[in-house]
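Asks: Just dropping this structure here.
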Amino acid sequence: MEDKPIVTFHGDKALFDKLRTLLWRGLPREPVEWRRSYGRAPKKVTLEAHFVPFSVEALPRNIGKALIGIPFFHTYWTDCDIDNYKSFVKDDINHWLSSLKTQGLHDWLIIWINNEPLIKSKLLPRTSVIDKIKNDFCGKVPDRYIVLVEPFKNDSRSSESWSHMLVRIRQLILQAYNRNMSKYEETMRGQRERRNQQGWNFCHYFMLQEELAFVHEMLGLYDEALVQYDELDALFTQFILNHSLGETTPWLSNFCDAGSRWEGLDLSKHIDQNLRTKIEEGQASLIDFRSYLFTRQSSLLVLLKRPCELAQRSIPFLHNCVQELNIMEVPMPPGSINCWVFVNCLEILNTCEKYSDSSHSLFTASLWEYAWNKLHSLGELCGLMPGIETTSEQLHTVVNLISGMGDSHLHVQYSNIKMSPMAKLREALSSAVTFKKHYFEMSELAMGTFKHIGRIRSARLIGKTLATFYMKMGEFQKAESYLSDALKTYKQEGWEELADRTRIDLAECQKQNKHTHKYLKSCVHLAISSNLPLDFKVQYFEDFIRMSKEPRDSHLVLKATPSFTIESISMEAATIVLGAMARIHLKLHSTFPQAVLSNEISFSLHYASHNGLSDSGGLIKKRSLMRNASSASNASNSSTCSITSADIHIPQSPPVNKNDTLLDLQSTYSVTSDKQQMSSTLVCRNSHLLLRRIDSGSSYVYREKEVIKDDFTFSASVADIELLPGGNEVVLTSKVDSRGSYYLSQLCITVGIADFIKSKAAPSMMFDVVCEEPSLEIETSNKTEVMLGGVYHDIKVILQVGTKPITNEAKLRVIASDGLLVDLPREEESLAEANSDDVYHVLTLADDEDTQLNAGQTVTVVIPIMAQLLHYASVLMERELSVECSWDSSIMTTQMFTFHNPFKIVHKIHTAAKKKFIQVLVSSNSKVRFELCEPQVCSDCPDVEMKLLNKRGQILMVSEEQSASYMWQINLNTNNIEQPLKCNFQFEYKSLVIQQQQAKSACSYDFTLENYKTLLISKSEVHCANGGKSSICTVASVCQMSVHIKNISDRAITQLHYQVNPAQKYWHFPGCNQGMVQLTNNAATLTLECVPLTDGFLPHPAIKFMKVTEKESENEVIEMKEPFYDGELYNSSRSLQVTVKKAPLKSFSIQSIQEGN
């Protein structure tokens, strides 16, 4: 295939030979834009050309039938002058163009080289050669000629001319190819549309479209060339699929012939001419065709510098080829396909290794695995695996396979140091030793590449198969390492069945390596597996029991779950008395296939600091949504357990993966316009974290948490218990000798040398070991009731016995402060302490030794108390009550009580001329009703007699709504009684509500009388001013008011000050409203004018009198005005009324009266 476009030259050959080198170097120097047909995107193309002499025989006969090796662009070169042009050049150009037109070629260019220097002349230039060429041949196509000026000079004029000519040549070459490729594509499409017709052959069509790919490749458009091969690949695959559905084509039967050669790919060749010739002649097999097609695609990908895509395409290519061989039912010798795949994988890998880019490792890892897998299959087929003796038939198979691979020396690109894929396979199949060498090499390369890209699962899957290989070789130590890694992956992902199958091999390795503890651990897992038959489980269980009884240097510590699961934990009591037995009821579920004898079951007990733990022995529960391992088998590991002293049942948490993440859920709703909910959606907003591949990162390392046995120095335990398959109930006991709070830390089930540990079996379950002393407490029976003095109230004395019973006649001593009465039954004692004035009461709780107060018992005694109300006081009364135990005086309590006075007492003095009366009002301060009787008032003066005016023996009721009133008359036996007079009011009362109140109680009230004697008596009269004393006053008429004042005491009173009350409602005083009045002979009369303001029976106008006394101050006498005390001035007209009639029919107003006067 020509790798450059062919361009012919004609004319002056010697001239062209001089310019050939410059032209060959100048064309690819700059890219040119190729504007293609059918609306395709333009491309930048770097052109190179192969110039050949013009020949009529080399011209294409059928345009659109071929593209390669055909000149589509033609040039004519000349530097003639005008004379030579006319003599022979014109005819030569004419003949050249005629030859092109005869073949339908229209892509040509005439280049005239101008070697004459530029001459500036004022004369009209004569006609030049280029003008002649333009007029003779390029009148309608002006772009078909160009002038190259002095091409051998290095000036700007020459450089510009060269540049212009090169641009024109590039554009015209692309135009030529664009025109011919369009016609070629039409022909190719026509061929493709006839693919279902008789006689159509895919191989011929393949060669047709491949030629188009060659042209694209020739023009540097490698991606366009790759598209052509991809289209051919897809078309051929479609024919294969149609064939599998029963649609047969004659040309496809050639690909169904038996394969005798399975040579691998040779990606060092750009084009495999041998395979291409076979395809062209229709003699290629399916493997030949697929090998050639992939070789071409690979070559283009290499040219595009995309080795990553090459590796990416390789695995689908190999799988599709194997599948197509099966679909086409191509008979192939056993192992031949494996050889072909193995060689191809290594060839592709060697090609990708030439590039330093490691991004293709993601795909080369699968190639290494595929090659390793095929080598493994060849080893089994040819009897090269460990532990197998090679038979003659297998040797014959090896010879046939090697002969079908061809000669390895054909791959000349490999040096003597590095073996070719074909040579490597030959060597691997030659003997078991070399096979093992290459098998290990391939395994390490595959696993290493998978680990490099973070696909740990795939690497460990290869390692598991490699472990089987080592086991067949008897190297169990190496096999154990690979099996352990595989087991970690299966456990991490929750693939229990795969984990159990792996444990079987791992247990065998551990047994052969004499790793007893590891083997026992594997036996436990296999004995409780739900994926193995019963006979397998019993076998491993018996091995575990037998070996666990053998004496060892150390114990084996295992996780209790899932061998033993806790169904529930409960305690008989959350509080235990010091020295008592703590009992823990434990329900265990055994998953072993047979009964197992446990040497001891114990629960470690630890002192609790109450940080984060429940004081009541319960659990603190927290709910969360979590992502579990990717297996439904985890559902069988969850159970329900109760682990509180109050039998609170909670679900046991399933095994949690360290990569589990809380779900971030959000609910969304879709609601219609009529407010009806149509749909709801639950969206996980952190699904990118939950659904990511946890083995895709470099931090994928699974480490099983090590089980550490706790300190069982202080524990609750039970020995020699047989645990049956299923549920078991055991009781663990422990004697506690130290007070405090303890929590259950770790459960240990010992079977021989194996300790099954359950950490945090009851992380928040606690019990308290207490040793409480008795305690006393005093409280009122009714906490909302107000306590009243002088009334009995019930109080409660509460004794908490504590943790030890009380015997030996338990008694309480009750001590009350002064003024506080305690009403105990008559049989109780009242004693006085020695050398003390305090009186205490003894209250018996237990009469003898047979009657005892049990531990934890609460004794409540009700005692009536009353604060004595001997004297009335308006302030609160504070009284103290103490109670102590007779057997231990340090156990005591004291309570201060506040009592309110139940009564409110007020006295008042009344006057009737010279007579005096005392009124005492008694009311209640609470809702309690009282009976009052036996009232009595006495004074400190024997000459004063108090005469009760109430009925003798009368009982009055006092409550919140009702008060009692008592009245006494004061009789003075002599006038020489000193003031003030001290008095005392006494009465007896009884509560009608409180039941304890049986007897009557007394209460006294002290008060003092001052200035109570009558000094003056006043009397007033009101009559009409013009009509005499007997006339009736009328409204708005002036009346006269006379006030007579008389001194009836021994005290000298000479003058008084009077003042009329200005806020009169019925009277108006037009004159002076105040003044002085003089007493003559202890009497005086005051006359004032007044005007009634309304008619009817009006009270006498109010006039206020005050004493006038003199006081000397700084040689000056000052008159002082002092009001009279109650009872000193008696107004005898106080209750009299004045009759006022209506005025005559005459308009008047009160305002006019007031203004006129």
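In the structure tokens, the first chain shown is A, the next is B, and so on; residue numbers restart at 1 for each chain, and ligands run from 1 in the order shown.
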Per DSSP on the backbone, filter segment 1019-1124 of chain A down to the residues in strand (DSSP E or B) and report them as a PyMOL selection string.
Replies: chain A and resi 1019-1024+1028+1033-1034+1039-1047+1055-1060+1067-1068+1074-1078+1080+1083-1092+1096-1099+1103-1112+1117-1123
Asks: Near Glu1122 of chain A, counting only C-alpha atoms, which residues have an atom at most 12 Å away, once you skip same-chain residues fewer than 2 positions from it, shown as an MDAnalysis selection string?
Replies: chainID A and resid 1056:1058 1104:1110 1119:1120 1124:1125
Asks: Between atom CA of His1100 of chain A and atom CA of Ser1135 of chain A, what is the spacing in Å?
Replies: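 Separating atom CA of Ser1135 of chain A from atom CA of His1100 of chain A is a distance of 8.0 Å.
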Asks: Would you kindly return, as a list in words, each protein, DNA or RNA residue with an atom no farther than 9 Å from any atom of Gln209 of chain A, considering only C-alpha atoms and excluding same-chain residues fewer than 4 positions away?
Replies: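 My reading of the contact set: Glu185, Met188, His204, Tyr205, Ala213, Phe214, Gln228, Tyr229 and Leu232 of chain A.
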Asks: For the residues in the current selection, export C-alpha atoms as a compact mmCIF listing (two decimals), in the first residue's frame.
Replies:
# COMPACT_ATOMS: atom_id res chain seq x y z
CA GLU A 185 -18.28 5.83 -0.95
CA MET A 188 -19.28 1.14 -1.34
CA HIS A 204 -14.83 -8.57 -1.25
CA TYR A 205 -16.76 -5.87 0.57
CA ALA A 213 -9.65 3.08 5.59
CA PHE A 214 -6.23 2.98 3.91
CA GLN A 228 -14.17 2.05 9.03
CA TYR A 229 -12.75 -1.03 10.74
CA LEU A 232 -16.68 -3.78 9.39
Asks: Env of segment 935-940 of chain A: 10 Å cut, atoms = only C-alpha atoms, seq-sep filter 5 positions within chain, self excluded. Answer as an mmCIF file with all heavy atoms, in the first residue's frame.
Replies:
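The resulting around-v6.cif:
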data_model
loop_
_atom_site.group_PDB
_atom_site.id
_atom_site.type_symbol
_atom_site.label_atom_id
_atom_site.label_comp_id
_atom_site.auth_asym_id
_atom_site.auth_seq_id
_atom_site.Cartn_x
_atom_site.Cartn_y
_atom_site.Cartn_z
ATOM 1 N N ILE A 918 -67.397 48.883 125.341
ATOM 2 C CA ILE A 918 -66.283 48.236 124.597
ATOM 3 C C ILE A 918 -66.858 47.121 123.724
ATOM 4 O O ILE A 918 -67.594 46.256 124.225
ATOM 5 C CB ILE A 918 -65.236 47.655 125.545
ATOM 6 C CG1 ILE A 918 -64.547 48.775 126.322
ATOM 7 C CG2 ILE A 918 -64.187 46.848 124.757
ATOM 8 C CD1 ILE A 918 -63.567 48.256 127.343
ATOM 9 N N VAL A 920 -65.729 44.005 121.072
ATOM 10 C CA VAL A 920 -64.638 43.138 120.606
ATOM 11 C C VAL A 920 -65.169 42.276 119.459
ATOM 12 O O VAL A 920 -66.168 41.551 119.651
ATOM 13 C CB VAL A 920 -64.080 42.258 121.735
ATOM 14 C CG1 VAL A 920 -62.961 41.375 121.192
ATOM 15 C CG2 VAL A 920 -63.585 43.106 122.896
ATOM 16 N N GLU A 945 -65.584 48.414 136.408
ATOM 17 C CA GLU A 945 -66.418 47.212 136.300
ATOM 18 C C GLU A 945 -66.847 47.047 134.842
ATOM 19 O O GLU A 945 -67.324 47.998 134.226
ATOM 20 C CB GLU A 945 -67.626 47.329 137.216
ATOM 21 C CG GLU A 945 -68.543 46.116 137.161
ATOM 22 C CD GLU A 945 -69.794 46.309 138.014
ATOM 23 O OE1 GLU A 945 -69.893 47.337 138.692
ATOM 24 O OE2 GLU A 945 -70.670 45.422 137.952
ATOM 25 N N MET A 946 -66.658 45.810 134.330
ATOM 26 C CA MET A 946 -67.052 45.493 132.951
ATOM 27 C C MET A 946 -68.323 44.651 132.984
ATOM 28 O O MET A 946 -68.345 43.561 133.571
ATOM 29 C CB MET A 946 -65.933 44.715 132.222
ATOM 30 C CG MET A 946 -64.623 45.481 132.124
ATOM 31 S SD MET A 946 -64.772 46.904 131.033
ATOM 32 C CE MET A 946 -63.105 47.537 131.093
ATOM 33 N N LYS A 947 -69.355 45.181 132.382
ATOM 34 C CA LYS A 947 -70.652 44.515 132.383
ATOM 35 C C LYS A 947 -70.927 43.969 130.975
ATOM 36 O O LYS A 947 -70.976 44.732 130.016
ATOM 37 C CB LYS A 947 -71.749 45.485 132.806
ATOM 38 C CG LYS A 947 -73.129 44.829 132.857
ATOM 39 C CD LYS A 947 -74.185 45.856 133.267
ATOM 40 C CE LYS A 947 -75.573 45.222 133.330
ATOM 41 N NZ LYS A 947 -76.611 46.199 133.721
ATOM 42 N N LEU A 948 -71.042 42.639 130.881
ATOM 43 C CA LEU A 948 -71.286 41.996 129.579
ATOM 44 C C LEU A 948 -72.722 42.245 129.164
ATOM 45 O O LEU A 948 -73.669 41.997 129.935
ATOM 46 C CB LEU A 948 -71.010 40.491 129.668
ATOM 47 C CG LEU A 948 -71.251 39.698 128.402
ATOM 48 C CD1 LEU A 948 -70.289 40.134 127.292
ATOM 49 C CD2 LEU A 948 -71.096 38.197 128.682
ATOM 50 N N ASN A 950 -73.873 40.850 126.183
ATOM 51 C CA ASN A 950 -74.351 39.667 125.459
ATOM 52 C C ASN A 950 -75.064 38.736 126.417
ATOM 53 O O ASN A 950 -74.944 38.834 127.649
ATOM 54 C CB ASN A 950 -73.176 38.930 124.826
ATOM 55 C CG ASN A 950 -72.537 39.730 123.721
ATOM 56 O OD1 ASN A 950 -72.012 40.807 123.956
ATOM 57 N ND2 ASN A 950 -72.550 39.184 122.505
ATOM 58 N N ARG A 952 -75.757 35.578 128.516
ATOM 59 C CA ARG A 952 -74.885 34.695 129.258
ATOM 60 C C ARG A 952 -74.954 33.278 128.678
ATOM 61 O O ARG A 952 -76.021 32.771 128.358
ATOM 62 C CB ARG A 952 -75.290 34.670 130.738
ATOM 63 C CG ARG A 952 -75.060 35.961 131.485
ATOM 64 C CD ARG A 952 -73.573 36.158 131.744
ATOM 65 N NE ARG A 952 -73.322 37.421 132.457
ATOM 66 C CZ ARG A 952 -72.135 37.824 132.829
ATOM 67 N NH1 ARG A 952 -71.077 37.067 132.545
ATOM 68 N NH2 ARG A 952 -71.967 38.975 133.472
ATOM 69 N N GLY A 953 -73.783 32.634 128.559
ATOM 70 C CA GLY A 953 -73.715 31.249 128.043
ATOM 71 C C GLY A 953 -73.940 31.119 126.537
ATOM 72 O O GLY A 953 -74.110 30.009 126.012
ATOM 73 N N GLN A 954 -73.927 32.251 125.855
ATOM 74 C CA GLN A 954 -74.153 32.228 124.404
ATOM 75 C C GLN A 954 -72.909 31.674 123.691
ATOM 76 O O GLN A 954 -71.782 32.014 124.035
ATOM 77 C CB GLN A 954 -74.459 33.640 123.903
ATOM 78 C CG GLN A 954 -74.806 33.677 122.410
ATOM 79 C CD GLN A 954 -75.086 35.108 121.957
ATOM 80 O OE1 GLN A 954 -74.734 36.068 122.657
ATOM 81 N NE2 GLN A 954 -75.718 35.234 120.803
ATOM 82 N N ILE A 955 -73.127 30.782 122.691
ATOM 83 C CA ILE A 955 -72.050 30.204 121.872
ATOM 84 C C ILE A 955 -72.146 30.809 120.470
ATOM 85 O O ILE A 955 -73.175 30.710 119.806
ATOM 86 C CB ILE A 955 -72.141 28.678 121.807
ATOM 87 C CG1 ILE A 955 -71.986 28.079 123.212
ATOM 88 C CG2 ILE A 955 -71.067 28.123 120.871
ATOM 89 C CD1 ILE A 955 -72.158 26.569 123.238
ATOM 90 N N TYR A 966 -68.766 40.910 120.655
ATOM 91 C CA TYR A 966 -69.077 40.973 122.085
ATOM 92 C C TYR A 966 -69.069 42.447 122.511
ATOM 93 O O TYR A 966 -68.230 43.235 122.031
ATOM 94 C CB TYR A 966 -68.074 40.182 122.895
ATOM 95 C CG TYR A 966 -68.111 38.682 122.629
ATOM 96 C CD1 TYR A 966 -67.213 38.093 121.759
ATOM 97 C CD2 TYR A 966 -69.052 37.884 123.278
ATOM 98 C CE1 TYR A 966 -67.235 36.735 121.509
ATOM 99 C CE2 TYR A 966 -69.086 36.502 123.036
ATOM 100 C CZ TYR A 966 -68.179 35.931 122.148
ATOM 101 O OH TYR A 966 -68.219 34.592 121.901
ATOM 102 N N MET A 967 -70.007 42.820 123.488
ATOM 103 C CA MET A 967 -70.126 44.214 123.945
ATOM 104 C C MET A 967 -70.165 44.224 125.484
ATOM 105 O O MET A 967 -70.900 43.437 126.106
ATOM 106 C CB MET A 967 -71.399 44.863 123.396
ATOM 107 C CG MET A 967 -71.545 46.330 123.733
ATOM 108 S SD MET A 967 -70.472 47.376 122.735
ATOM 109 C CE MET A 967 -71.312 47.293 121.172
ATOM 110 N N TRP A 968 -69.311 45.134 126.054
ATOM 111 C CA TRP A 968 -69.283 45.356 127.500
ATOM 112 C C TRP A 968 -69.494 46.847 127.800
ATOM 113 O O TRP A 968 -69.030 47.700 127.052
ATOM 114 C CB TRP A 968 -67.936 44.931 128.084
ATOM 115 C CG TRP A 968 -67.775 43.457 128.262
ATOM 116 C CD1 TRP A 968 -68.071 42.719 129.346
ATOM 117 C CD2 TRP A 968 -67.228 42.571 127.295
ATOM 118 N NE1 TRP A 968 -67.765 41.397 129.147
ATOM 119 C CE2 TRP A 968 -67.237 41.283 127.856
ATOM 120 C CE3 TRP A 968 -66.763 42.705 125.994
ATOM 121 C CZ2 TRP A 968 -66.794 40.149 127.203
ATOM 122 C CZ3 TRP A 968 -66.323 41.600 125.350
ATOM 123 C CH2 TRP A 968 -66.329 40.307 125.925
ATOM 124 N N LEU A 981 -56.056 52.683 130.501
ATOM 125 C CA LEU A 981 -56.639 51.538 131.183
ATOM 126 C C LEU A 981 -56.278 50.269 130.428
ATOM 127 O O LEU A 981 -56.604 50.124 129.252
ATOM 128 C CB LEU A 981 -58.162 51.690 131.254
ATOM 129 C CG LEU A 981 -58.924 50.613 132.023
ATOM 130 C CD1 LEU A 981 -58.523 50.629 133.494
ATOM 131 C CD2 LEU A 981 -60.434 50.821 131.873
ATOM 132 N N LYS A 982 -55.538 49.321 131.085
ATOM 133 C CA LYS A 982 -55.120 48.071 130.450
ATOM 134 C C LYS A 982 -56.183 47.012 130.669
ATOM 135 O O LYS A 982 -56.600 46.769 131.802
ATOM 136 C CB LYS A 982 -53.782 47.605 131.012
ATOM 137 C CG LYS A 982 -52.632 48.545 130.687
ATOM 138 C CD LYS A 982 -51.319 48.002 131.225
ATOM 139 C CE LYS A 982 -50.177 48.940 130.880
ATOM 140 N NZ LYS A 982 -48.863 48.431 131.368
ATOM 141 N N CYS A 983 -56.561 46.342 129.560
ATOM 142 C CA CYS A 983 -57.635 45.350 129.604
ATOM 143 C C CYS A 983 -57.163 44.046 128.997
ATOM 144 O O CYS A 983 -56.210 43.999 128.206
ATOM 145 C CB CYS A 983 -58.874 45.856 128.870
ATOM 146 S SG CYS A 983 -59.510 47.417 129.498
ATOM 147 N N ASN A 984 -57.907 42.963 129.336
ATOM 148 C CA ASN A 984 -57.598 41.628 128.823
ATOM 149 C C ASN A 984 -58.896 40.949 128.439
ATOM 150 O O ASN A 984 -59.837 40.894 129.240
ATOM 151 C CB ASN A 984 -56.858 40.805 129.875
ATOM 152 C CG ASN A 984 -56.621 39.375 129.427
ATOM 153 O OD1 ASN A 984 -57.345 38.463 129.808
ATOM 154 N ND2 ASN A 984 -55.614 39.180 128.597
ATOM 155 N N PHE A 985 -58.918 40.458 127.185
ATOM 156 C CA PHE A 985 -60.100 39.754 126.671
ATOM 157 C C PHE A 985 -59.760 38.270 126.576
ATOM 158 O O PHE A 985 -58.743 37.891 125.981
ATOM 159 C CB PHE A 985 -60.474 40.304 125.283
ATOM 160 C CG PHE A 985 -61.495 39.465 124.564
ATOM 161 C CD1 PHE A 985 -62.785 39.307 125.079
ATOM 162 C CD2 PHE A 985 -61.172 38.819 123.372
ATOM 163 C CE1 PHE A 985 -63.715 38.539 124.393
ATOM 164 C CE2 PHE A 985 -62.099 38.051 122.697
ATOM 165 C CZ PHE A 985 -63.379 37.904 123.210
ATOM 166 N N GLN A 986 -60.596 37.414 127.162
ATOM 167 C CA GLN A 986 -60.399 35.968 127.151
ATOM 168 C C GLN A 986 -61.653 35.280 126.655
ATOM 169 O O GLN A 986 -62.774 35.782 126.868
ATOM 170 C CB GLN A 986 -60.053 35.458 128.570
ATOM 171 C CG GLN A 986 -58.749 36.003 129.128
ATOM 172 C CD GLN A 986 -58.480 35.479 130.529
ATOM 173 O OE1 GLN A 986 -59.308 34.767 131.109
ATOM 174 N NE2 GLN A 986 -57.324 35.835 131.072
ATOM 175 N N PHE A 987 -61.401 34.142 125.973
ATOM 176 C CA PHE A 987 -62.533 33.329 125.521
ATOM 177 C C PHE A 987 -62.024 31.917 125.308
ATOM 178 O O PHE A 987 -60.831 31.643 125.240
ATOM 179 C CB PHE A 987 -63.143 33.885 124.234
ATOM 180 C CG PHE A 987 -62.207 33.851 123.061
ATOM 181 C CD1 PHE A 987 -62.216 32.798 122.164
ATOM 182 C CD2 PHE A 987 -61.300 34.892 122.846
ATOM 183 C CE1 PHE A 987 -61.360 32.771 121.085
ATOM 184 C CE2 PHE A 987 -60.441 34.867 121.776
ATOM 185 C CZ PHE A 987 -60.459 33.801 120.884
ATOM 186 N N GLU A 988 -62.983 31.012 125.218
ATOM 187 C CA GLU A 988 -62.698 29.606 124.930
ATOM 188 C C GLU A 988 -63.220 29.273 123.549
ATOM 189 O O GLU A 988 -64.253 29.814 123.131
ATOM 190 C CB GLU A 988 -63.336 28.696 125.987
ATOM 191 C CG GLU A 988 -62.738 28.863 127.353
ATOM 192 C CD GLU A 988 -63.365 27.914 128.364
ATOM 193 O OE1 GLU A 988 -64.327 27.198 127.970
ATOM 194 O OE2 GLU A 988 -62.900 27.877 129.510
ATOM 195 N N TYR A 989 -62.485 28.372 122.843
ATOM 196 C CA TYR A 989 -62.859 28.025 121.467
ATOM 197 C C TYR A 989 -62.721 26.525 121.275
ATOM 198 O O TYR A 989 -62.019 25.835 122.008
ATOM 199 C CB TYR A 989 -62.005 28.778 120.457
ATOM 200 C CG TYR A 989 -60.539 28.422 120.514
ATOM 201 C CD1 TYR A 989 -60.025 27.412 119.712
ATOM 202 C CD2 TYR A 989 -59.671 29.097 121.377
ATOM 203 C CE1 TYR A 989 -58.671 27.078 119.758
ATOM 204 C CE2 TYR A 989 -58.334 28.777 121.432
ATOM 205 C CZ TYR A 989 -57.831 27.759 120.615
ATOM 206 O OH TYR A 989 -56.523 27.422 120.668
ATOM 207 N N ALA A 1002 -58.309 27.855 125.419
ATOM 208 C CA ALA A 1002 -58.490 29.256 125.798
ATOM 209 C C ALA A 1002 -57.543 30.124 125.004
ATOM 210 O O ALA A 1002 -56.439 29.715 124.633
ATOM 211 C CB ALA A 1002 -58.243 29.438 127.284
ATOM 212 N N CYS A 1003 -58.010 31.375 124.795
ATOM 213 C CA CYS A 1003 -57.198 32.356 124.072
ATOM 214 C C CYS A 1003 -57.441 33.705 124.708
ATOM 215 O O CYS A 1003 -58.578 34.040 125.085
ATOM 216 C CB CYS A 1003 -57.570 32.379 122.606
ATOM 217 S SG CYS A 1003 -56.607 33.551 121.640
ATOM 218 N N SER A 1004 -56.440 34.505 124.856
ATOM 219 C CA SER A 1004 -56.541 35.824 125.483
ATOM 220 C C SER A 1004 -56.020 36.877 124.529
ATOM 221 O O SER A 1004 -55.180 36.595 123.673
ATOM 222 C CB SER A 1004 -55.742 35.854 126.790
ATOM 223 O OG SER A 1004 -54.354 35.689 126.536
ATOM 224 N N TYR A 1005 -56.554 38.116 124.739
ATOM 225 C CA TYR A 1005 -56.201 39.253 123.873
ATOM 226 C C TYR A 1005 -56.049 40.469 124.756
ATOM 227 O O TYR A 1005 -56.988 40.845 125.474
ATOM 228 C CB TYR A 1005 -57.288 39.443 122.826
ATOM 229 C CG TYR A 1005 -57.165 40.716 122.040
ATOM 230 C CD1 TYR A 1005 -56.161 40.900 121.097
ATOM 231 C CD2 TYR A 1005 -58.079 41.762 122.234
ATOM 232 C CE1 TYR A 1005 -56.065 42.072 120.372
ATOM 233 C CE2 TYR A 1005 -57.993 42.935 121.511
ATOM 234 C CZ TYR A 1005 -56.979 43.084 120.582
ATOM 235 O OH TYR A 1005 -56.887 44.257 119.857
ATOM 236 N N ASP A 1006 -54.911 41.116 124.779
ATOM 237 C CA ASP A 1006 -54.630 42.292 125.590
ATOM 238 C C ASP A 1006 -54.785 43.542 124.750
ATOM 239 O O ASP A 1006 -54.342 43.588 123.594
ATOM 240 C CB ASP A 1006 -53.204 42.221 126.156
ATOM 241 C CG ASP A 1006 -53.026 41.069 127.131
ATOM 242 O OD1 ASP A 1006 -54.005 40.710 127.806
ATOM 243 O OD2 ASP A 1006 -51.891 40.514 127.191
ATOM 244 N N PHE A 1007 -55.401 44.571 125.392
ATOM 245 C CA PHE A 1007 -55.516 45.853 124.703
ATOM 246 C C PHE A 1007 -55.539 46.951 125.749
ATOM 247 O O PHE A 1007 -55.728 46.706 126.945
ATOM 248 C CB PHE A 1007 -56.766 45.897 123.816
ATOM 249 C CG PHE A 1007 -58.056 45.723 124.559
ATOM 250 C CD1 PHE A 1007 -58.784 46.815 125.046
ATOM 251 C CD2 PHE A 1007 -58.553 44.447 124.810
ATOM 252 C CE1 PHE A 1007 -59.975 46.628 125.738
ATOM 253 C CE2 PHE A 1007 -59.730 44.255 125.471
ATOM 254 C CZ PHE A 1007 -60.459 45.344 125.952
ATOM 255 N N THR A 1008 -55.395 48.215 125.333
ATOM 256 C CA THR A 1008 -55.287 49.379 126.226
ATOM 257 C C THR A 1008 -56.252 50.460 125.761
ATOM 258 O O THR A 1008 -56.353 50.731 124.556
ATOM 259 C CB THR A 1008 -53.854 49.933 126.224
ATOM 260 O OG1 THR A 1008 -52.963 48.892 126.644
ATOM 261 C CG2 THR A 1008 -53.724 51.116 127.172
ATOM 262 N N LEU A 1009 -56.963 51.130 126.767
ATOM 263 C CA LEU A 1009 -57.890 52.225 126.475
ATOM 264 C C LEU A 1009 -57.241 53.525 126.936
ATOM 265 O O LEU A 1009 -56.838 53.657 128.104
ATOM 266 C CB LEU A 1009 -59.222 52.006 127.208
ATOM 267 C CG LEU A 1009 -59.990 50.722 126.845
ATOM 268 C CD1 LEU A 1009 -61.257 50.617 127.666
ATOM 269 C CD2 LEU A 1009 -60.303 50.694 125.360
#
Asks: Using only C-alpha atoms, determine which residues lie at most 7 Å from segment 299-303 of chain A, disregarding the query and same-chain residues fewer than 6 positions distant; provide the list as number ranges by chain.
Replies: A: 222, 226, 270, 310
Asks: With N, CA, C and O atoms kept, could you save the residues just selected as a JSON list (two decimals), in the first residue's frame?
Replies:
[["chain", "number", "residue", "atom", "x", "y", "z"],
["A", 222, "TYR", "N", -6.29, 8.87, 11.39],
["A", 222, "TYR", "CA", -6.32, 7.51, 11.94],
["A", 222, "TYR", "C", -7.64, 7.20, 12.63],
["A", 222, "TYR", "O", -8.11, 6.05, 12.62],
["A", 226, "LEU", "N", -10.09, 4.12, 11.79],
["A", 226, "LEU", "CA", -10.57, 3.20, 12.82],
["A", 226, "LEU", "C", -12.08, 3.04, 12.77],
["A", 226, "LEU", "O", -12.61, 1.94, 13.02],
["A", 270, "HIS", "N", 2.43, -3.74, 10.78],
["A", 270, "HIS", "CA", 1.40, -2.76, 10.52],
["A", 270, "HIS", "C", 0.25, -3.38, 9.74],
["A", 270, "HIS", "O", -0.93, -3.13, 10.04],
["A", 310, "LEU", "N", -6.69, 0.26, 23.58],
["A", 310, "LEU", "CA", -6.28, -1.04, 23.03],
["A", 310, "LEU", "C", -6.48, -2.15, 24.07],
["A", 310, "LEU", "O", -7.03, -3.22, 23.76]]
Asks: Closest to Tyr177 of chain A among A:Phe72, A:Tyr1012, A:Phe536, A:Tyr872, using only C-alpha atoms?
Replies: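 Of A:Phe72, A:Tyr1012, A:Phe536, A:Tyr872, the one nearest Tyr177 of chain A, counting only C-alpha atoms, is A:Phe72.
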Asks: Within 6 Å of Leu1016 of chain A, counting only C-alpha atoms, which residues qualify if same-chain residues fewer than 3 places away don't, as a list in words?
Replies: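 Near neighbours after the sequence-gap exclusion: Lys1046, Asn1047, Ile1048 and Leu1129 of chain A.
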